[in-house]
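Everything on this sheet refers to the single structure shown next.
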Amino acid sequence: MAAAVTYSAVSQHQELSEKAQMYKGAKSTSLDTSSLLYAFKSGKVHGHFRYFFMSSQNASGLTDYYANAVGGGLRYETGKFHSFQMAVSGFYVFNIGSSDFSKSDPETGMYNRYESSLFDIKDPENKKDIDRLEELYLKYNHSNSSVILGRQLINTPFVNLQDGRMRPTGVEGLWFDVNEIKNTKIEGGWLYNISPRATVKWFNAGESIGIYPTGVNPDGTKSGYTENVESKGIAMLGVSTSVHKKLKLQIWEMFTENVFNSFLLQADFNKTLNNHSSWNAGLQVIRQDALNDGGNINQSLTYFPKGHKSFTFGAKLGYTEKDFNVSLNYNRITAAGRYLVPREWGRDPFFTFMPRERNEGFGNVHALMAKVGYTPLGKKIRSSFSAGYFDMPDVQDFRLNKYGLPTYIQLNTDVRYQFTGFLKGMETQLLVVGKINKGNIYNNNKYVFNKVNMMSYNFVVNYYF
């Protein structure tokens with residue numbers, strides 16, 4: 001039987017002589033575990049503080065940039081009340097010393113690409129009023145499964161956090177996660193609003209496409225789909241299942257209403273050799289097709305051209321030995337067409353993905369990437385080095401090269417440290433990226449600025465509690 005409870009009266013009206021209190025809560029001599037109040041009282045609060053320094057060093061004669069960002073946030077989730085829970089979270093960001101992102105590079109006329117996205121790319125002059133209500137949802141739990149309605153954070157191959165700046169991409173809609181079948185996970189739902197990384201506002205599905213730079217149309221004219229794509233939302237379904245203890249399969253379908261459809265199939269294989277070593281391998285294929293007019297009947301204003309399609313496939317092979325791991329990864333986007341998923345929604349799902357660059361928006365791509373990782377000292381330090389060669393279509397082949405990115409080599413060094421003891425909860429990361437041009441730029445630095453022949457330095461401090 002639930003415990004009896006008596007509450008003292010708490011009036012919203014306060015006398016002028018009283019101390020200001022708006023979050024007193026009800027006082028009780030004992031707590032009814034079946035009450036809504038108990039669900040709120042037994043909730044959990046988590047916090048996150050983050051500092052981010054980023055600097056881009058471009059080729060000689062082009063503009064360099066730097067940025068310092070600091071921010072923090074709180075997340076609260078109630079306990080369960082008849083299987084229901086509520087959650088709310090928010091985050092704020094301050095610009096504490098950065099380049100002027102409102103000014104373009106004098107030679108190319110182009111604007112900053114990386115550092116400005118630590119803040120609000122819709123308002124590059126804003127330095128202090130940068131905040132977002134990130135989560136606000138109602139969740140229903142059943143056994144090991146759940147259904148969430150509202151603003152939330154998800155990670156899928158096509159829509160994901162892409163957290164490489166201050167805050168990730170958020171979504172709003174209905175999302176379910178079913179885990180009632182042994183060795184199988186089913187998830188998906190309907191998303192109708194998105195708040196892309198580096199923004200503070202929420203946009204409907206169509207409006208969210210084109211907030212980031214849009215590149216060119218297949219005929220070479222400037223893309224005009226910003227604020228011109230019509231879509232009611234995104235339907236997604238994913239199934240992950242372990243068909244064998246060594247083999248896992250993933251199937252994902254993303255239906256973007258009135259714009260395009262994407263289908264992904266991935267197989268991951270793992271073979272344990274002994275207690276310290278194992279082999280792993282993977283295969284991935286993605287097929288995309290336009291829906292209707294691709295978002296707008298006027299093809300100069302559409303996102304996914306009518307009749308457009310793309311096909312990509314990839315493979316990986318890796319080996320792990322104690323604290324050491326190595327992998328070789330390959331991806332091919334065929335010449336059938338550009339692989340297109342709005343960059344506002346997430347990063348590429350390819351095995352060859354490397355932070356600070358993407359292959360979205362391109363066709364006829366061969367990508368090869370090798371990665372070595374080392375995790376000594378009881379996993380407090382994690383380090384990796386990766387090198388990739390990306391054979392891109394010619395920068396003037398507009399049908400297959402949306403953003404004018406030439407063939408390039410990319411080198412990444414990533415070192416992370418997780419503190420213990422007095423500083424437990426603190427993590428640091430140092431990411432150094434170099435990109436080297438290997439393609440024809442036709443003596444035009446617009447194909448170089450923020451793209452190749454550059455260095456990117458990133459230092460991040462996170463504190464979680």
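In the structure tokens, each chain is lettered A, B, ... as it comes, each chain's residues begin at 1, and ligands are numbered from 1 in order of appearance.
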
How close does each residue of region 178-257 of chain A get to region 343-360 of chain A, giving the shortest atom pair and distance in Å to one decimal for every residue with an atom at most 10 Å away, counting only C-alpha atoms, sorted by chain and residue number, as a Markdown table?
| residue | atom | partner | partner_atom | distance |
| --- | --- | --- | --- | --- |
| A:Ile194 | CA | A:Trp345 | CA | 7.7 |
| A:Ser195 | CA | A:Glu344 | CA | 8.3 |
| A:Pro196 | CA | A:Glu344 | CA | 5.1 |
| A:Arg197 | CA | A:Glu344 | CA | 6.8 |
| A:Ala198 | CA | A:Glu344 | CA | 9.1 |
| A:Thr199 | CA | A:Glu344 | CA | 9.6 |
| A:Ala205 | CA | A:Trp345 | CA | 9.6 |
| A:Ser208 | CA | A:Glu344 | CA | 6.8 |
| A:Ile209 | CA | A:Glu344 | CA | 6.7 |
| A:Gly210 | CA | A:Glu344 | CA | 7.7 |
| A:Ile211 | CA | A:Glu344 | CA | 7.0 |
| A:Tyr212 | CA | A:Glu344 | CA | 6.5 |
| A:Pro213 | CA | A:Arg343 | CA | 9.1 |
| A:Thr214 | CA | A:Arg343 | CA | 9.4 |

Selected residues, all heavy atoms, written as a compact mmCIF listing (two decimals), in the first residue's frame, please.
# COMPACT_ATOMS: atom_id res chain seq x y z
N ILE A 194 13.35 19.63 -37.27
CA ILE A 194 14.78 19.39 -37.04
C ILE A 194 15.45 20.69 -36.64
O ILE A 194 15.16 21.75 -37.19
CB ILE A 194 15.45 18.81 -38.30
CG1 ILE A 194 14.92 17.39 -38.58
CG2 ILE A 194 16.97 18.78 -38.16
CD1 ILE A 194 15.53 16.72 -39.78
N SER A 195 16.38 20.60 -35.66
CA SER A 195 17.23 21.72 -35.29
C SER A 195 18.66 21.31 -35.61
O SER A 195 19.30 20.60 -34.82
CB SER A 195 17.08 22.07 -33.81
OG SER A 195 17.89 23.18 -33.48
N PRO A 196 19.18 21.69 -36.78
CA PRO A 196 20.50 21.22 -37.18
C PRO A 196 21.60 21.71 -36.24
O PRO A 196 21.48 22.74 -35.58
CB PRO A 196 20.68 21.83 -38.58
CG PRO A 196 19.28 22.10 -39.06
CD PRO A 196 18.53 22.49 -37.82
N ARG A 197 22.69 20.95 -36.23
CA ARG A 197 23.88 21.37 -35.51
C ARG A 197 24.25 22.78 -35.96
O ARG A 197 24.14 23.13 -37.13
CB ARG A 197 25.03 20.41 -35.83
CG ARG A 197 26.32 20.71 -35.12
CD ARG A 197 27.44 19.81 -35.63
NE ARG A 197 27.85 20.16 -36.99
CZ ARG A 197 28.85 19.55 -37.63
NH1 ARG A 197 29.49 18.56 -37.06
NH2 ARG A 197 29.17 19.93 -38.85
N ALA A 198 24.68 23.62 -35.03
CA ALA A 198 25.08 25.00 -35.30
C ALA A 198 23.91 25.92 -35.58
O ALA A 198 24.06 26.96 -36.22
CB ALA A 198 26.09 25.07 -36.45
N THR A 199 22.72 25.55 -35.10
CA THR A 199 21.57 26.44 -35.15
C THR A 199 20.89 26.42 -33.78
O THR A 199 21.15 25.53 -32.96
CB THR A 199 20.55 26.02 -36.22
OG1 THR A 199 19.99 24.74 -35.88
CG2 THR A 199 21.19 25.94 -37.59
N ALA A 205 10.71 19.76 -41.80
CA ALA A 205 11.62 18.92 -42.59
C ALA A 205 12.09 19.61 -43.86
O ALA A 205 13.27 19.59 -44.19
CB ALA A 205 10.93 17.59 -42.92
N SER A 208 14.46 22.67 -43.21
CA SER A 208 15.79 22.34 -42.70
C SER A 208 16.79 22.03 -43.81
O SER A 208 18.00 22.04 -43.58
CB SER A 208 15.70 21.14 -41.75
OG SER A 208 15.40 19.95 -42.46
N ILE A 209 16.31 21.75 -45.00
CA ILE A 209 17.19 21.43 -46.13
C ILE A 209 17.62 22.72 -46.81
O ILE A 209 16.81 23.43 -47.39
CB ILE A 209 16.47 20.52 -47.14
CG1 ILE A 209 15.98 19.24 -46.47
CG2 ILE A 209 17.39 20.18 -48.31
CD1 ILE A 209 15.15 18.34 -47.37
N GLY A 210 18.91 23.05 -46.70
CA GLY A 210 19.42 24.27 -47.32
C GLY A 210 19.88 25.32 -46.34
O GLY A 210 20.22 26.43 -46.75
N ILE A 211 19.91 25.00 -45.05
CA ILE A 211 20.44 25.93 -44.06
C ILE A 211 21.97 26.01 -44.18
O ILE A 211 22.56 27.08 -44.05
CB ILE A 211 20.02 25.50 -42.64
CG1 ILE A 211 18.50 25.65 -42.49
CG2 ILE A 211 20.74 26.31 -41.58
CD1 ILE A 211 17.96 25.09 -41.19
N TYR A 212 22.61 24.87 -44.45
CA TYR A 212 24.04 24.85 -44.72
C TYR A 212 24.29 25.25 -46.18
O TYR A 212 23.35 25.31 -46.98
CB TYR A 212 24.59 23.44 -44.48
CG TYR A 212 24.61 22.99 -43.04
CD1 TYR A 212 24.14 23.78 -42.00
CD2 TYR A 212 25.09 21.73 -42.70
CE1 TYR A 212 24.16 23.35 -40.69
CE2 TYR A 212 25.12 21.28 -41.39
CZ TYR A 212 24.66 22.10 -40.38
OH TYR A 212 24.69 21.67 -39.08
N PRO A 213 25.54 25.53 -46.57
CA PRO A 213 25.85 25.87 -47.97
C PRO A 213 25.29 24.83 -48.94
O PRO A 213 25.33 23.61 -48.66
CB PRO A 213 27.38 25.90 -47.99
CG PRO A 213 27.74 26.31 -46.59
CD PRO A 213 26.73 25.64 -45.70
N THR A 214 24.79 25.28 -50.09
CA THR A 214 24.02 24.42 -50.98
C THR A 214 24.74 23.97 -52.24
O THR A 214 24.23 23.16 -52.99
CB THR A 214 22.73 25.14 -51.40
OG1 THR A 214 23.07 26.39 -52.02
CG2 THR A 214 21.84 25.41 -50.19

Contacts of region 410-412 of chain A within 8 Å, only C-alpha atoms, excl. fewer than 5 positions in-chain, as a PyMOL selection string: chain A and resi 354-355+385-389+431-436

Please save all heavy atoms of the selected residues as a compact mmCIF listing (two decimals), in the first residue's frame.
# COMPACT_ATOMS: atom_id res chain seq x y z
N MET A 354 35.77 10.48 -42.31
CA MET A 354 36.79 11.09 -41.46
C MET A 354 36.27 12.45 -41.00
O MET A 354 35.78 13.24 -41.83
CB MET A 354 38.11 11.25 -42.21
CG MET A 354 38.73 9.94 -42.65
SD MET A 354 40.25 10.17 -43.62
CE MET A 354 41.37 10.80 -42.36
N PRO A 355 36.36 12.77 -39.70
CA PRO A 355 35.90 14.07 -39.21
C PRO A 355 36.52 15.24 -39.96
O PRO A 355 37.71 15.22 -40.28
CB PRO A 355 36.33 14.06 -37.74
CG PRO A 355 36.34 12.61 -37.38
CD PRO A 355 36.82 11.90 -38.61
N PHE A 385 45.16 7.32 -35.47
CA PHE A 385 45.68 8.03 -36.64
C PHE A 385 45.03 7.42 -37.87
O PHE A 385 44.98 6.20 -38.01
CB PHE A 385 47.20 7.90 -36.74
CG PHE A 385 47.77 8.50 -38.00
CD1 PHE A 385 47.93 9.88 -38.09
CD2 PHE A 385 48.10 7.71 -39.08
CE1 PHE A 385 48.43 10.45 -39.26
CE2 PHE A 385 48.60 8.27 -40.25
CZ PHE A 385 48.76 9.65 -40.34
N SER A 386 44.52 8.26 -38.74
CA SER A 386 43.88 7.78 -39.95
C SER A 386 44.36 8.58 -41.15
O SER A 386 44.66 9.77 -41.05
CB SER A 386 42.35 7.85 -39.83
OG SER A 386 41.93 9.15 -39.43
N ALA A 387 44.43 7.89 -42.28
CA ALA A 387 44.86 8.50 -43.53
C ALA A 387 43.93 8.04 -44.63
O ALA A 387 43.64 6.84 -44.75
CB ALA A 387 46.30 8.13 -43.85
N GLY A 388 43.46 8.99 -45.44
CA GLY A 388 42.53 8.64 -46.50
C GLY A 388 42.89 9.28 -47.83
O GLY A 388 43.41 10.41 -47.87
N TYR A 389 42.61 8.55 -48.90
CA TYR A 389 42.74 9.09 -50.26
C TYR A 389 41.36 9.07 -50.89
O TYR A 389 40.70 8.03 -50.95
CB TYR A 389 43.71 8.26 -51.09
CG TYR A 389 43.81 8.75 -52.53
CD1 TYR A 389 44.57 9.87 -52.84
CD2 TYR A 389 43.14 8.09 -53.56
CE1 TYR A 389 44.66 10.34 -54.15
CE2 TYR A 389 43.22 8.55 -54.87
CZ TYR A 389 43.98 9.67 -55.16
OH TYR A 389 44.06 10.13 -56.46
N LEU A 431 42.24 17.05 -31.75
CA LEU A 431 42.07 16.55 -33.11
C LEU A 431 42.80 17.48 -34.07
O LEU A 431 42.52 18.67 -34.12
CB LEU A 431 40.59 16.49 -33.49
CG LEU A 431 40.26 16.15 -34.95
CD1 LEU A 431 40.71 14.73 -35.28
CD2 LEU A 431 38.77 16.32 -35.22
N VAL A 432 43.76 16.93 -34.81
CA VAL A 432 44.51 17.69 -35.81
C VAL A 432 44.24 17.07 -37.17
O VAL A 432 44.41 15.85 -37.36
CB VAL A 432 46.02 17.67 -35.51
CG1 VAL A 432 46.78 18.47 -36.57
CG2 VAL A 432 46.30 18.24 -34.12
N VAL A 433 43.81 17.92 -38.12
CA VAL A 433 43.41 17.45 -39.44
C VAL A 433 44.21 18.19 -40.51
O VAL A 433 44.34 19.42 -40.45
CB VAL A 433 41.90 17.68 -39.68
CG1 VAL A 433 41.50 17.24 -41.09
CG2 VAL A 433 41.07 16.94 -38.63
N GLY A 434 44.73 17.44 -41.47
CA GLY A 434 45.40 18.04 -42.63
C GLY A 434 44.78 17.52 -43.90
O GLY A 434 44.50 16.33 -44.02
N LYS A 435 44.55 18.42 -44.87
CA LYS A 435 43.97 18.02 -46.16
C LYS A 435 44.84 18.58 -47.29
O LYS A 435 45.15 19.77 -47.31
CB LYS A 435 42.53 18.50 -46.30
CG LYS A 435 41.58 17.78 -45.34
CD LYS A 435 40.12 18.05 -45.67
CE LYS A 435 39.74 19.48 -45.33
NZ LYS A 435 38.33 19.75 -45.65
N ILE A 436 45.25 17.70 -48.20
CA ILE A 436 46.20 18.03 -49.26
C ILE A 436 45.53 17.85 -50.62
O ILE A 436 44.94 16.79 -50.89
CB ILE A 436 47.44 17.12 -49.16
CG1 ILE A 436 48.05 17.21 -47.76
CG2 ILE A 436 48.47 17.49 -50.23
CD1 ILE A 436 49.07 16.12 -47.48

Which one of A:Gln57, A:Gln429, A:Asn458, A:Asn329 sits closest to Ala69 (chain A) if you count only C-alpha atoms? A:Asn458

Contacts of region 368-381 of chain A within 12 Å, only C-alpha atoms, excl. fewer than 3 positions in-chain, as a short mmCIF file (atom, residue, chain, number, x, y, z; two decimals) with C-alpha atoms, in the first residue's frame:
data_model
loop_
_atom_site.label_atom_id
_atom_site.label_comp_id
_atom_site.auth_asym_id
_atom_site.auth_seq_id
_atom_site.Cartn_x
_atom_site.Cartn_y
_atom_site.Cartn_z
CA GLY A 314 31.69 -0.10 -49.21
CA ALA A 315 33.77 -2.66 -47.33
CA LYS A 316 36.08 -2.81 -44.33
CA LEU A 317 38.55 -5.24 -42.79
CA GLY A 318 39.96 -4.82 -39.30
CA TYR A 319 42.10 -6.52 -36.68
CA THR A 320 42.26 -5.96 -32.90
CA GLU A 321 45.09 -7.11 -30.62
CA LYS A 322 44.81 -6.09 -26.93
CA ASP A 323 45.03 -2.27 -26.91
CA PHE A 324 45.86 -2.02 -30.60
CA ASN A 325 43.51 -2.00 -33.59
CA VAL A 326 43.87 -1.39 -37.32
CA SER A 327 41.39 -1.23 -40.19
CA LEU A 328 41.34 -0.76 -43.96
CA ASN A 329 38.17 0.82 -45.39
CA TYR A 330 36.86 1.40 -48.90
CA ASN A 331 33.80 3.17 -50.32
CA ARG A 332 32.56 3.69 -53.85
CA ILE A 333 29.87 6.13 -54.96
CA PHE A 350 30.40 5.35 -44.87
CA PHE A 351 33.23 3.20 -43.45
CA THR A 352 35.65 5.79 -44.90
CA PHE A 353 34.17 8.79 -43.03
CA MET A 354 36.79 11.09 -41.46
CA VAL A 365 34.02 8.65 -55.91
CA SER A 384 44.07 7.07 -33.37
CA PHE A 385 45.68 8.03 -36.64
CA SER A 386 43.88 7.78 -39.95
CA ALA A 387 44.86 8.50 -43.53
CA GLY A 388 42.53 8.64 -46.50
CA TYR A 389 42.74 9.09 -50.26
CA PHE A 390 39.56 10.41 -51.88
CA ASP A 391 39.40 10.27 -55.68
CA MET A 392 36.73 12.85 -56.54
CA THR A 407 40.63 14.93 -55.16
CA TYR A 408 42.45 15.08 -51.80
CA ILE A 409 44.45 13.27 -49.15
CA GLN A 410 43.33 13.66 -45.53
CA LEU A 411 45.33 12.91 -42.38
CA ASN A 412 43.74 12.87 -38.91
CA THR A 413 45.34 12.52 -35.47
CA ASP A 414 42.91 12.15 -32.56
CA VAL A 415 44.01 11.87 -28.88
CA ARG A 416 41.53 11.72 -25.99
CA TYR A 417 42.08 11.49 -22.24
CA GLN A 418 39.54 10.60 -19.56
CA PHE A 419 40.39 11.88 -16.08
CA THR A 420 39.91 9.99 -12.82
CA GLY A 421 40.11 10.88 -9.16
CA LYS A 424 36.58 12.44 -12.66
CA GLY A 425 33.95 13.42 -15.22
CA MET A 426 36.39 15.50 -17.28
CA GLU A 427 37.49 14.47 -20.77
CA THR A 428 39.80 16.19 -23.25
CA GLN A 429 40.29 15.74 -26.98
CA LEU A 430 42.91 16.98 -29.43
#

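The smallest atom-to-atom distance between Val285 (chain A) and any of A:Phe362, A:Phe263, A:Tyr442, A:Tyr303, using only C-alpha atoms, is found for A:Phe263.
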
Extract, using only C-alpha atoms, all DNA, RNA and protein residues at most 6 Å from Asn141 (chain A), discarding same-chain residues fewer than 2 positions from it, and format them as a VMD selection string. chain A and resid 83 145 to 146
